[in-house]
Structures are given as C-alpha cells and as structure tokens.
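Chemist: Next comes the structure file data_4.txt, holding compact mmCIF, C-alpha atoms.
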```txt
# COMPACT_ATOMS: atom_id res chain seq x y z
CA MET A 1 -64.90 11.37 -86.39
CA SER A 2 -67.64 9.17 -87.79
CA LYS A 3 -71.28 10.08 -87.41
CA PHE A 4 -74.64 8.87 -88.64
CA ARG A 5 -78.01 10.35 -89.51
CA THR A 6 -81.33 8.49 -89.38
CA ILE A 7 -84.42 9.54 -91.34
CA LEU A 8 -87.98 8.29 -90.84
CA GLY A 9 -89.76 8.34 -94.18
CA ASP A 10 -90.20 6.89 -97.65
CA CYS A 11 -86.85 6.18 -99.30
CA PHE A 12 -87.80 7.70 -102.67
CA GLU A 13 -89.05 10.92 -101.11
CA GLU A 14 -86.07 11.24 -98.78
CA VAL A 15 -83.42 10.31 -101.36
CA ALA A 16 -84.80 13.03 -103.63
CA LYS A 17 -84.00 15.59 -100.91
CA LEU A 18 -80.31 14.67 -100.74
CA PRO A 19 -77.85 16.93 -102.58
CA ASP A 20 -76.52 15.63 -105.89
CA ASN A 21 -73.09 13.94 -105.75
CA SER A 22 -73.22 13.88 -101.94
CA ILE A 23 -73.12 10.10 -101.35
CA ASP A 24 -69.99 7.97 -101.79
CA ALA A 25 -71.53 4.49 -101.62
CA VAL A 26 -74.74 2.58 -100.95
CA CYS A 27 -75.05 -0.61 -98.90
CA THR A 28 -78.51 -2.02 -98.30
CA ASP A 29 -80.64 -5.09 -97.66
CA PRO A 30 -83.88 -4.12 -99.42
CA PRO A 31 -87.32 -5.71 -99.50
CA TYR A 32 -87.33 -8.49 -102.05
CA GLY A 33 -90.85 -9.45 -102.84
CA ILE A 34 -91.48 -5.73 -102.40
CA VAL A 35 -94.66 -7.00 -100.77
CA GLU A 36 -93.06 -8.66 -97.72
CA PHE A 37 -92.44 -5.39 -95.89
CA SER A 38 -95.78 -3.83 -96.84
CA GLU A 39 -97.93 -2.83 -93.87
CA SER A 40 -100.24 -5.82 -94.28
CA GLU A 41 -97.43 -8.40 -94.51
CA VAL A 42 -95.46 -6.88 -91.61
CA ALA A 43 -98.63 -7.04 -89.52
CA LYS A 44 -98.91 -10.77 -90.34
CA LEU A 45 -95.25 -11.27 -89.46
CA ARG A 46 -95.62 -9.55 -86.10
CA SER A 47 -98.76 -11.52 -85.28
CA GLY A 48 -97.05 -14.78 -86.23
CA LYS A 49 -99.61 -15.61 -88.90
CA GLY A 50 -97.54 -16.11 -92.01
CA GLY A 51 -98.70 -14.42 -95.17
CA ILE A 52 -95.64 -14.35 -97.42
CA TRP A 53 -93.53 -15.03 -94.33
CA ARG A 54 -92.79 -18.69 -93.68
CA LEU A 55 -92.61 -19.48 -89.99
CA PRO A 56 -90.23 -22.46 -89.77
CA PRO A 57 -90.98 -25.25 -87.29
CA LYS A 58 -88.71 -25.97 -84.37
CA PHE A 59 -85.60 -27.92 -85.37
CA ASP A 60 -83.13 -29.44 -82.91
CA GLY A 61 -85.16 -27.73 -80.20
CA LYS A 62 -84.41 -24.27 -81.60
CA GLU A 63 -86.73 -21.59 -82.93
CA ARG A 64 -85.98 -20.51 -86.52
CA ARG A 65 -86.49 -16.93 -87.62
CA PRO A 66 -89.20 -16.30 -90.23
CA LEU A 67 -88.20 -16.23 -93.90
CA PRO A 68 -90.05 -14.69 -96.84
CA ARG A 69 -91.33 -17.25 -99.35
CA PHE A 70 -90.18 -15.74 -102.64
CA SER A 71 -91.00 -18.93 -104.53
CA ILE A 72 -94.70 -18.02 -104.38
CA LEU A 73 -94.24 -14.76 -106.29
CA SER A 74 -95.97 -14.58 -109.65
CA ASN A 75 -94.23 -13.62 -112.89
CA GLU A 76 -96.01 -10.28 -112.69
CA GLN A 77 -94.62 -9.67 -109.21
CA LYS A 78 -91.12 -10.60 -110.40
CA SER A 79 -91.50 -8.10 -113.24
CA ASP A 80 -92.50 -5.53 -110.64
CA ILE A 81 -89.24 -6.24 -108.83
CA GLU A 82 -87.27 -5.26 -111.93
CA LYS A 83 -89.27 -2.06 -112.24
CA PHE A 84 -88.83 -1.29 -108.54
CA PHE A 85 -85.04 -1.64 -108.64
CA ALA A 86 -84.83 0.30 -111.88
CA ARG A 87 -86.71 3.09 -110.16
CA LEU A 88 -84.50 2.84 -107.06
CA ALA A 89 -81.29 2.90 -109.10
CA SER A 90 -82.52 5.90 -111.07
CA ALA A 91 -83.40 7.75 -107.87
CA ILE A 92 -80.00 7.10 -106.27
CA GLU A 93 -77.88 7.73 -109.36
CA PRO A 94 -77.74 11.57 -109.24
CA LYS A 95 -77.08 11.53 -105.48
CA LEU A 96 -74.09 9.20 -105.76
CA LYS A 97 -70.71 10.50 -106.83
CA PRO A 98 -69.47 9.22 -110.22
CA GLY A 99 -67.71 5.90 -109.70
CA GLY A 100 -69.57 5.23 -106.46
CA HIS A 101 -70.59 1.64 -105.73
CA MET A 102 -73.93 0.23 -104.64
CA LEU A 103 -74.02 -3.11 -102.81
CA ILE A 104 -77.39 -4.85 -102.54
CA ALA A 105 -78.11 -7.97 -100.49
CA GLY A 106 -79.77 -10.52 -102.70
CA ASN A 107 -81.68 -13.73 -102.98
CA PRO A 108 -80.61 -16.43 -105.47
CA VAL A 109 -84.11 -16.74 -106.93
CA LEU A 110 -84.58 -13.00 -107.52
CA GLN A 111 -80.99 -11.93 -108.20
CA VAL A 112 -81.52 -11.86 -111.96
CA ASN A 113 -84.53 -9.55 -111.61
CA VAL A 114 -82.64 -7.07 -109.45
CA GLN A 115 -79.63 -7.01 -111.74
CA ALA A 116 -81.80 -6.51 -114.81
CA GLY A 117 -83.53 -3.51 -113.23
CA VAL A 118 -80.35 -1.81 -112.01
CA VAL A 119 -78.38 -2.36 -115.22
CA ALA A 120 -81.30 -1.07 -117.30
CA SER A 121 -80.89 2.21 -115.41
CA GLY A 122 -77.33 2.67 -116.67
CA TRP A 123 -75.33 1.14 -113.83
CA GLU A 124 -72.39 -1.23 -114.33
CA ASN A 125 -72.79 -4.75 -112.97
CA ARG A 126 -69.38 -5.22 -111.31
CA ALA A 127 -69.52 -8.45 -109.31
CA THR A 128 -71.44 -10.64 -106.92
CA ILE A 129 -70.00 -11.19 -103.45
CA LEU A 130 -71.16 -14.46 -101.93
CA ARG A 131 -71.80 -14.61 -98.21
CA LEU A 132 -71.01 -18.24 -97.46
CA TYR A 133 -72.91 -19.55 -94.46
CA HIS A 134 -75.01 -22.49 -93.27
CA GLY A 135 -78.60 -21.40 -93.82
CA PHE A 136 -81.99 -23.08 -93.78
CA ARG A 137 -83.27 -21.83 -97.12
CA GLY A 138 -84.29 -24.47 -99.64
CA GLY A 139 -83.97 -28.22 -99.42
CA ASP A 140 -87.73 -28.55 -98.94
CA ARG A 141 -89.41 -31.85 -99.69
CA PRO A 142 -92.51 -32.19 -101.87
CA LYS A 143 -95.35 -30.77 -99.78
CA ASN A 144 -97.67 -33.44 -98.33
CA ALA A 145 -95.68 -36.14 -100.14
CA GLU A 146 -92.53 -36.36 -98.03
CA LEU A 147 -92.98 -40.07 -97.26
CA GLU A 148 -94.04 -40.92 -100.80
CA PHE A 149 -90.84 -39.38 -102.22
CA PRO A 150 -88.32 -39.72 -99.37
CA GLU A 151 -85.26 -39.01 -101.55
CA VAL A 152 -86.63 -35.95 -103.34
CA CYS A 153 -86.16 -32.26 -102.54
CA VAL A 154 -87.63 -29.38 -104.54
CA THR A 155 -84.63 -27.02 -104.35
CA PRO A 156 -80.98 -27.22 -103.23
CA ARG A 157 -80.15 -26.35 -99.64
CA GLY A 158 -79.07 -22.73 -99.57
CA ASN A 159 -75.55 -22.13 -98.28
CA TYR A 160 -74.87 -18.69 -99.72
CA GLU A 161 -76.37 -15.23 -99.99
CA PRO A 162 -75.49 -13.07 -103.02
CA TRP A 163 -74.58 -9.40 -102.51
CA MET A 164 -74.75 -7.67 -105.90
CA LEU A 165 -72.17 -4.97 -106.59
CA PHE A 166 -72.91 -2.17 -109.05
CA ARG A 167 -71.00 0.98 -109.97
CA LYS A 168 -72.18 4.31 -111.27
CA PRO A 169 -70.01 5.00 -114.35
CA ILE A 170 -66.94 7.12 -113.67
CA SER A 171 -66.92 10.65 -115.05
CA GLU A 172 -63.17 10.83 -115.76
CA LYS A 173 -61.07 9.02 -118.34
CA THR A 174 -59.43 6.71 -115.81
CA VAL A 175 -60.20 5.30 -112.38
CA ALA A 176 -57.11 7.08 -111.03
CA ALA A 177 -58.41 10.44 -112.28
CA ASN A 178 -61.84 9.67 -110.85
CA LEU A 179 -60.30 8.81 -107.48
CA ARG A 180 -58.43 12.12 -107.48
CA ARG A 181 -61.56 14.13 -108.26
CA TRP A 182 -64.31 12.25 -106.42
CA GLY A 183 -62.58 9.71 -104.15
CA THR A 184 -64.62 6.96 -105.81
CA GLY A 185 -64.31 4.41 -108.60
CA GLY A 186 -62.49 1.59 -106.81
CA LEU A 187 -62.71 -0.56 -103.69
CA ARG A 188 -60.67 -0.48 -100.49
CA MET A 189 -58.37 -3.45 -99.97
CA LEU A 190 -58.18 -5.54 -96.83
CA PHE A 191 -55.25 -5.23 -94.44
CA GLY A 192 -51.95 -6.06 -96.13
CA GLY A 193 -53.05 -4.96 -99.58
CA ARG A 194 -55.31 -7.97 -100.24
CA PRO A 195 -58.40 -7.43 -102.42
CA LEU A 196 -61.72 -8.47 -100.89
CA PRO A 197 -62.53 -11.96 -102.27
CA ASP A 198 -65.89 -12.53 -103.89
CA VAL A 199 -66.61 -15.30 -101.37
CA VAL A 200 -66.75 -14.25 -97.70
CA PRO A 201 -67.09 -16.96 -95.01
CA SER A 202 -69.81 -15.92 -92.61
CA PHE A 203 -72.27 -17.28 -90.02
CA LYS A 204 -75.78 -16.72 -88.77
CA THR A 205 -76.32 -13.47 -86.88
CA PRO A 206 -75.16 -14.02 -83.26
CA ALA A 207 -77.76 -14.05 -80.49
CA ARG A 208 -76.15 -11.03 -78.80
CA GLU A 209 -76.85 -8.94 -81.90
CA LYS A 210 -80.42 -10.20 -82.24
CA GLU A 211 -81.04 -9.25 -78.62
CA ILE A 212 -79.99 -5.68 -79.42
CA ALA A 213 -81.82 -5.29 -82.73
CA ASP A 214 -84.93 -7.38 -83.36
CA HIS A 215 -85.39 -7.56 -87.14
CA PRO A 216 -86.22 -10.61 -89.31
CA SER A 217 -83.34 -10.03 -91.74
CA LEU A 218 -80.63 -8.74 -89.40
CA LYS A 219 -77.17 -9.34 -90.89
CA PRO A 220 -74.11 -9.98 -88.67
CA GLN A 221 -71.70 -7.16 -87.88
CA HIS A 222 -68.80 -9.38 -88.95
CA LEU A 223 -70.11 -9.40 -92.52
CA LEU A 224 -71.36 -5.81 -92.68
CA ARG A 225 -68.14 -4.27 -91.38
CA ILE A 226 -66.15 -6.10 -94.05
CA LEU A 227 -68.56 -5.03 -96.79
CA VAL A 228 -69.04 -1.36 -95.89
CA ARG A 229 -65.31 -0.87 -95.34
CA THR A 230 -64.49 -2.00 -98.87
CA LEU A 231 -66.98 0.44 -100.46
CA LEU A 232 -64.95 3.60 -99.71
CA PRO A 233 -61.57 3.26 -101.45
CA THR A 234 -59.93 6.24 -99.75
CA GLY A 235 -61.19 5.32 -96.28
CA SER A 236 -63.62 8.21 -95.91
CA GLY A 237 -66.99 9.31 -97.22
CA VAL A 238 -70.72 8.81 -96.67
CA VAL A 239 -72.55 5.49 -97.00
CA LEU A 240 -76.31 5.47 -97.61
CA ASP A 241 -78.72 2.71 -96.58
CA PRO A 242 -82.15 3.56 -98.03
CA PHE A 243 -83.74 0.55 -96.26
CA MET A 244 -82.18 0.94 -92.83
CA GLY A 245 -84.29 -1.57 -90.92
CA SER A 246 -82.84 -1.88 -87.43
CA GLY A 247 -79.72 0.10 -88.30
CA SER A 248 -77.13 -2.66 -88.65
CA THR A 249 -75.46 -1.09 -91.71
CA LEU A 250 -75.12 2.26 -89.95
CA ALA A 251 -73.70 0.46 -86.91
CA ALA A 252 -71.09 -1.19 -89.12
CA CYS A 253 -70.18 2.18 -90.64
CA LEU A 254 -69.85 3.68 -87.17
CA ALA A 255 -67.55 0.84 -86.07
CA VAL A 256 -65.40 1.19 -89.19
CA GLY A 257 -65.23 4.99 -88.88
CA TYR A 258 -67.42 6.04 -91.81
CA GLU A 259 -70.24 8.57 -91.96
CA SER A 260 -73.64 7.18 -92.88
CA ILE A 261 -77.27 8.01 -93.60
CA GLY A 262 -80.15 5.58 -93.05
CA ILE A 263 -83.75 5.83 -94.22
CA GLU A 264 -86.57 3.68 -92.82
CA ARG A 265 -90.32 4.05 -93.28
CA ASP A 266 -91.51 1.64 -90.58
CA SER A 267 -91.77 3.53 -87.28
CA GLU A 268 -91.22 0.43 -85.13
CA TYR A 269 -88.04 -0.62 -86.93
CA PHE A 270 -86.92 3.01 -86.92
CA ALA A 271 -87.27 3.07 -83.12
CA VAL A 272 -85.23 -0.14 -82.90
CA ALA A 273 -82.51 1.45 -85.03
CA GLU A 274 -82.43 4.56 -82.89
CA SER A 275 -81.65 2.46 -79.82
CA SER A 276 -79.46 -0.22 -81.40
CA ILE A 277 -76.93 1.49 -83.69
CA GLN A 278 -74.56 2.60 -80.94
CA LYS A 279 -74.91 -0.72 -79.12
CA LEU A 280 -74.17 -2.83 -82.20
CA ALA A 281 -71.23 -0.60 -83.10
CA SER A 282 -69.74 -1.07 -79.63
CA LEU A 283 -69.50 -4.85 -80.06
CA TYR A 284 -66.11 -6.30 -81.05
CA PRO A 285 -64.28 -2.94 -80.66
CA GLN A 286 -61.08 -4.17 -82.33
CA PHE A 287 -62.78 -5.57 -85.43
CA VAL A 288 -63.06 -2.92 -88.16
CA GLY A 289 -63.60 -5.16 -91.18
CA ASP A 290 -60.03 -5.03 -92.52
CA THR A 291 -59.62 -8.82 -92.21
CA LEU A 292 -61.98 -11.74 -92.73
CA GLU A 293 -61.39 -13.06 -89.21
CA SER A 294 -60.55 -11.55 -85.84
CA ASP A 295 -59.95 -12.77 -82.32
CA ASP A 296 -62.06 -9.80 -81.18
CA LEU A 297 -65.17 -11.62 -82.39
CA ASN A 298 -64.82 -13.88 -79.35
CA GLY A 299 -67.55 -16.51 -79.53
CA SER A 300 -68.49 -15.41 -83.03
CA ALA A 301 -65.12 -16.53 -84.37
CA THR A 302 -65.78 -20.00 -82.98
CA GLU A 303 -69.24 -19.89 -84.54
CA LEU A 304 -67.68 -18.98 -87.89
CA HIS A 305 -65.56 -22.12 -87.89
CA ALA A 306 -68.52 -24.20 -86.75
CA GLN A 307 -70.63 -22.83 -89.60
CA LEU A 308 -67.95 -23.67 -92.13
CA ARG A 309 -67.83 -27.23 -90.82
CA LEU A 310 -71.61 -27.46 -91.22
CA LEU A 311 -71.25 -26.56 -94.89
CA GLU A 312 -69.31 -29.79 -95.35
CA THR A 313 -71.61 -31.95 -93.20
CA PRO A 314 -74.82 -33.45 -94.67
CA ALA A 315 -77.93 -32.35 -92.80
CA LYS A 316 -79.87 -35.05 -90.93
CA TYR A 317 -83.61 -35.24 -91.53
CA SER A 318 -86.24 -37.26 -89.74
CA ARG A 319 -88.67 -39.36 -91.80
CA ARG A 320 -91.76 -38.23 -89.93
```
Starting from the file, lay out its structure as structure tokens.
Modeler:
Amino acid sequence: MSKFRTILGDCFEEVAKLPDNSIDAVCTDPPYGIVEFSESEVAKLRSGKGGIWRLPPKFDGKERRPLPRFSILSNEQKSDIEKFFARLASAIEPKLKPGGHMLIAGNPVLQVNVQAGVVASGWENRATILRLYHGFRGGDRPKNAELEFPEVCVTPRGNYEPWMLFRKPISEKTVAANLRRWGTGGLRMLFGGRPLPDVVPSFKTPAREKEIADHPSLKPQHLLRILVRTLLPTGSGVVLDPFMGSGSTLAACLAVGYESIGIERDSEYFAVAESSIQKLASLYPQFVGDTLESDDLNGSATELHAQLRLLETPAKYSRR
C-alpha cells in the first residue's frame, strides 16, 4: 500500500537526516533562479507586484499564470545555480541507492547550468525528457519597439520543457546485478514493454488541478504520473521530492502506488500540499502513468489533442 510523508523544513537540513541508501529515486521541480522562491520574491508574487516574476497580460480574455524571468539573471547568478545544484546533488547522493535516478524539471535557458553542477558532483547525465506542450514562454518582441520592428522577436516561442535525467553510478558490475541488489539502475517501461520516449506530449495544467493546489509552477498529473512511474524499475520503492511545493509529485506517486517523501520550506505551500495530495491523487483513478494517453483523463485527453494542434498552428498577435 502506498503512503507519503511530508516534511516542513529546509531541504538540505532534512535530506541530511534521511538514512543512507534509503531513497530509490528523486523527482522534483526546483527553484531555478534560486532567488525566485526566496521570501522576498514570493512576497512580491503573492502581492502581484512582479520582482523576478513576470505577470503576463490578459490574452484572449484569459488570465495567464506568472512566470519567472530567468533572462534577467546575471552571469554571477547563473554561476550560483551551478553551485547550488552541485551542492544539492552532493547532499542527495549518499541517501539515494546506487543506480537510483534523479529527474529535475528544467528551463531551456538554465539547463546547461544545472547539468554542469550535477555532473560535477559525480552523477551520470543520462537523458533529457522533453515535455511537449503549447506554452507562452518566449516569443517576446523588442521591448518598447514592437511597432518599429513588427517582424522581430527576441527568443523563439517555447513549446517544450526539459526534464533532466541523472543517475547515481551503479555499485555492481552490471545493471542486472545492481537491480538484484538494490532494485535500481534502470527505468520502468510503459505498458506493453515500450520504453518511455524522450518526448512526452503534454498540456497545460488543467483548471481542476489548479483549483485544488494553487502553486505558480504546478505540473499536470498526466505528466507527473508518467514520469514518477518510470523512475522505479521494479515497481516499488521510495521517491523523494526535496522541493515539494503543493505536493503534486507526491500525489502522482500516491496514484501510481509508490511511497514518497516531500520536503517544503514555505509554510503556505506546505499547507496547500497537506490538503491537496489526496485530492490530486484521486483524480483520473484509472490513469497510473503506464501509457501516454488514457480515456480516464476525460476532458484532459481532449485538451491534450488541442494542445498538440496548437503546436502546429502559428500564434496570432495584434499590432497594438
């Protein structure tokens, strides 16, 4: 029977308390500018007064969720990101079983910094899984010169989110031997013996999930259940999320049938997680992440197809 444990506290302090070789995998969506979830920046986010958080204007009559502006980070701050993830990887390494995987949600601009920090700590860079979806990142026009340069954008329109996959080196001579000893070293296949592809069609987080768990970077259960399921090759074990947020990763583990541990330092987000994990896990009861699509997603399945169509349709912009 699956179960979960939530911990309010600093991830480095709490990870240090975990027994060595007690975690089978890590799945997390961490802070990226490191600064965006600091107390001062979260206060600005909650007050609706920007800071590093960009508050998008209404578009098509809809409110857009705030996004962190990583393009404004200095080279020094980007170097700090490498140091932060090197420290995180070093802290998690003794707690994870040999051959265990760590999956980190990324950002295309900062992906290289994260990978450099983790690999410098002795981890293997195994792959990048692309979450393919119609987002609103990028595609910005030159600020205050939109009419002067009507056919110019500063960056491409973002239609993917990288999830970086790392592995702690195995302790045995072969993956098979490591699986026998630790139950780790490989990935769990999808239903029918199909490996998880490194491109996963996805969609924006459904409104029903946002209503349950209010967090600016909430990921959809459809995606998380697929990802967490693949991390435990034998179908059992403990998944750690050191940046739990509103508990969506733990909810996905609960729905799949895995044990999990979540750590969160923000008391408000921790309270959201405490009330939302069971509710999120109860959605789509037949979908356990063993396929890329499911009729049990109801309206979300329709939204998935709509999102994929949007990827092939040029966006329309006004010339105001």
Chemist: When distances are computed from only C-alpha atoms, which of A:Gly99, A:Pro197, A:Pro150, A:Pro206 shows the smallest separation from Glu172 in chain A?
Modeler: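 Using only C-alpha atoms, the shortest distance to Glu172 in chain A belongs to A:Gly99.
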Chemist: Between A:Asn113, A:Thr230, A:Ser217, A:Asn75, which has the minimum distance to Arg194 in chain A (counting only C-alpha atoms)?
Modeler: A:Thr230
Chemist: Env of His222 in chain A: 9 Å cut, atoms = all atoms listed in the file, seq-sep filter 5 positions within chain, self excluded. Answer as a PyMOL selection string.
Modeler: chain A and resi 202-203+205+227+252+284+287-289+292-293+297+300
Chemist: Using all atoms listed in the file, can you list as a list in words the residues within 6 Å of (-66.8, 3.2, -109.3)?
Modeler: Gly99, Gly100, His101, Arg167, Lys168, Ile170, Thr184, Gly185 and Gly186 of chain A
Chemist: Within 7 Å of Ser121 in chain A, counting all atoms listed in the file, which residues show up once you throw out same-chain ones fewer than 5 positions away? Write them as a ChimeraX atom specification, please.
Modeler: /A:86,89-90
Chemist: When you draw a straight line from CA of Ala177 in chain A to CA of Lys97 in chain A, how long is it in Å?
Modeler: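 So the two atoms, CA of Ala177 in chain A and CA of Lys97 in chain A, lie 13.5 Å apart.
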Chemist: Write out as a list in words the residues lying within 8 Å of Asp266 in chain A, counting only C-alpha atoms and excluding same-chain residues fewer than 4 positions away.
Modeler: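 That gives Leu8, Gly9, Gly245 and Phe270 of chain A.
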Chemist: Mind pulling up the distance from CA of Pro108 in chain A to CA of Ile81 in chain A?
Modeler: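 Pair CA of Ile81 in chain A / CA of Pro108 in chain A returns 13.8 Å.
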Chemist: At a cut-off of 7 Å, using only C-alpha atoms, what residues contact Ile129 in chain A? Leave out same-chain residues fewer than 2 positions from it and give the result as a PDB file with C-alpha atoms, keeping the file's coordinate frame.
Modeler:
```
ATOM      1  CA  ALA A 127     -69.520  -8.450-109.310  1.00  0.00           C
ATOM      2  CA  ARG A 131     -71.800 -14.610 -98.210  1.00  0.00           C
ATOM      3  CA  PRO A 162     -75.490 -13.070-103.020  1.00  0.00           C
ATOM      4  CA  TRP A 163     -74.580  -9.400-102.510  1.00  0.00           C
ATOM      5  CA  MET A 164     -74.750  -7.670-105.900  1.00  0.00           C
ATOM      6  CA  ASP A 198     -65.890 -12.530-103.890  1.00  0.00           C
ATOM      7  CA  VAL A 199     -66.610 -15.300-101.370  1.00  0.00           C
TER       8      VAL A 199
END
```
Chemist: Rounded to one decimal place, report the CA of Gly183 in chain A-CA of Leu103 in chain A distance in Å.
Modeler: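 Atom-to-atom, CA of Gly183 in chain A and CA of Leu103 in chain A are spaced 17.2 Å apart.
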Chemist: Could you put an axis-aligned box around every listed atom of range 92-102 of chain A, padded by 4 Å on each side, and send me its centre and edge lengths in Å to one decimal, as AutoDock Vina command-line options?
Modeler:
```
--center_x -73.9 --center_y 5.9 --center_z -107.4 --size_x 20.3 --size_y 19.3 --size_z 13.6
```
Chemist: Name all residues at most 7 Å from Pro94 in chain A (count all atoms listed in the file; drop same-chain ones fewer than 3 positions away) and give them as a list in words.
Modeler: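 Non-adjacent residues within range: Asp20, Asn21 and Ala91 of chain A.
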Chemist: Could you check which of A:Lys83, A:Lys210, A:Lys219, A:Arg188 is closest to Tyr133 in chain A, using all atoms listed in the file?
Modeler: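 Looking at the shortest contact to Tyr133 in chain A, the residue is A:Lys219.
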Chemist: Which residue out of A:Leu187, A:Val109, A:Leu250, A:Val239 has the minimum interatomic distance to Pro156 in chain A when all atoms listed in the file are used?
Modeler: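 The closest residue to Pro156 in chain A is A:Val109.
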Chemist: Considering all atoms listed in the file, can you say which of A:Leu280, A:Ile261, A:Leu110, A:Leu18 comes closest to Glu211 in chain A?
Modeler: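 The shortest atom-to-atom distance to Glu211 in chain A comes from A:Leu280.
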Chemist: Identify which of the residues A:Pro19, A:Pro169, A:Pro30, A:Gly192 lies closest to Asn107 in chain A, counting only C-alpha atoms when measuring atom-to-atom distances.
Modeler: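 Going through A:Pro19, A:Pro169, A:Pro30, A:Gly192 one by one, the smallest distance to Asn107 in chain A is for A:Pro30.
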Chemist: Reconstruct N, CA and C atoms of range 175-196 of chain A from the incomplete input and present them as a CSV table (one decimal), in the coordinates of the input.
Modeler:
```csv
chain,number,residue,atom,x,y,z
A,175,VAL,N,-59.8,5.5,-113.8
A,175,VAL,CA,-60.2,5.3,-112.4
A,175,VAL,C,-59.3,6.2,-111.5
A,176,ALA,N,-58.0,6.3,-111.8
A,176,ALA,CA,-57.1,7.1,-111.0
A,176,ALA,C,-57.6,8.5,-111.0
A,177,ALA,N,-57.9,9.1,-112.2
A,177,ALA,CA,-58.4,10.4,-112.3
A,177,ALA,C,-59.7,10.6,-111.5
A,178,ASN,N,-60.6,9.6,-111.6
A,178,ASN,CA,-61.8,9.7,-110.8
A,178,ASN,C,-61.6,9.7,-109.3
A,179,LEU,N,-60.6,8.8,-108.9
A,179,LEU,CA,-60.3,8.8,-107.5
A,179,LEU,C,-59.8,10.2,-107.0
A,180,ARG,N,-59.0,10.8,-107.8
A,180,ARG,CA,-58.4,12.1,-107.5
A,180,ARG,C,-59.5,13.2,-107.4
A,181,ARG,N,-60.5,13.1,-108.3
A,181,ARG,CA,-61.6,14.1,-108.3
A,181,ARG,C,-62.7,13.8,-107.2
A,182,TRP,N,-63.1,12.6,-107.2
A,182,TRP,CA,-64.3,12.2,-106.4
A,182,TRP,C,-64.0,11.4,-105.2
A,183,GLY,N,-62.9,10.7,-105.2
A,183,GLY,CA,-62.6,9.7,-104.2
A,183,GLY,C,-63.3,8.4,-104.3
A,184,THR,N,-63.8,8.2,-105.5
A,184,THR,CA,-64.6,7.0,-105.8
A,184,THR,C,-64.2,6.3,-107.1
A,185,GLY,N,-64.6,5.1,-107.4
A,185,GLY,CA,-64.3,4.4,-108.6
A,185,GLY,C,-63.7,3.1,-108.4
A,186,GLY,N,-63.1,2.9,-107.2
A,186,GLY,CA,-62.5,1.6,-106.8
A,186,GLY,C,-63.0,1.1,-105.5
A,187,LEU,N,-62.4,0.1,-105.0
A,187,LEU,CA,-62.7,-0.6,-103.7
A,187,LEU,C,-61.5,-0.6,-102.8
A,188,ARG,N,-61.7,-0.5,-101.5
A,188,ARG,CA,-60.7,-0.5,-100.5
A,188,ARG,C,-60.2,-1.9,-100.2
A,189,MET,N,-58.9,-2.1,-100.2
A,189,MET,CA,-58.4,-3.4,-100.0
A,189,MET,C,-58.4,-3.8,-98.5
A,190,LEU,N,-58.3,-5.1,-98.2
A,190,LEU,CA,-58.2,-5.5,-96.8
A,190,LEU,C,-56.8,-5.2,-96.3
A,191,PHE,N,-56.6,-5.5,-95.1
A,191,PHE,CA,-55.2,-5.2,-94.4
A,191,PHE,C,-54.2,-6.0,-95.2
A,192,GLY,N,-53.0,-5.4,-95.4
A,192,GLY,CA,-52.0,-6.1,-96.1
A,192,GLY,C,-52.0,-6.0,-97.6
A,193,GLY,N,-52.9,-5.1,-98.1
A,193,GLY,CA,-53.0,-5.0,-99.6
A,193,GLY,C,-53.7,-6.1,-100.3
A,194,ARG,N,-54.6,-6.8,-99.6
A,194,ARG,CA,-55.3,-8.0,-100.2
A,194,ARG,C,-56.7,-7.5,-100.7
A,195,PRO,N,-57.0,-7.8,-102.0
A,195,PRO,CA,-58.4,-7.4,-102.4
A,195,PRO,C,-59.4,-8.3,-101.7
A,196,LEU,N,-60.6,-7.7,-101.5
A,196,LEU,CA,-61.7,-8.5,-100.9
A,196,LEU,C,-62.1,-9.6,-101.8
```
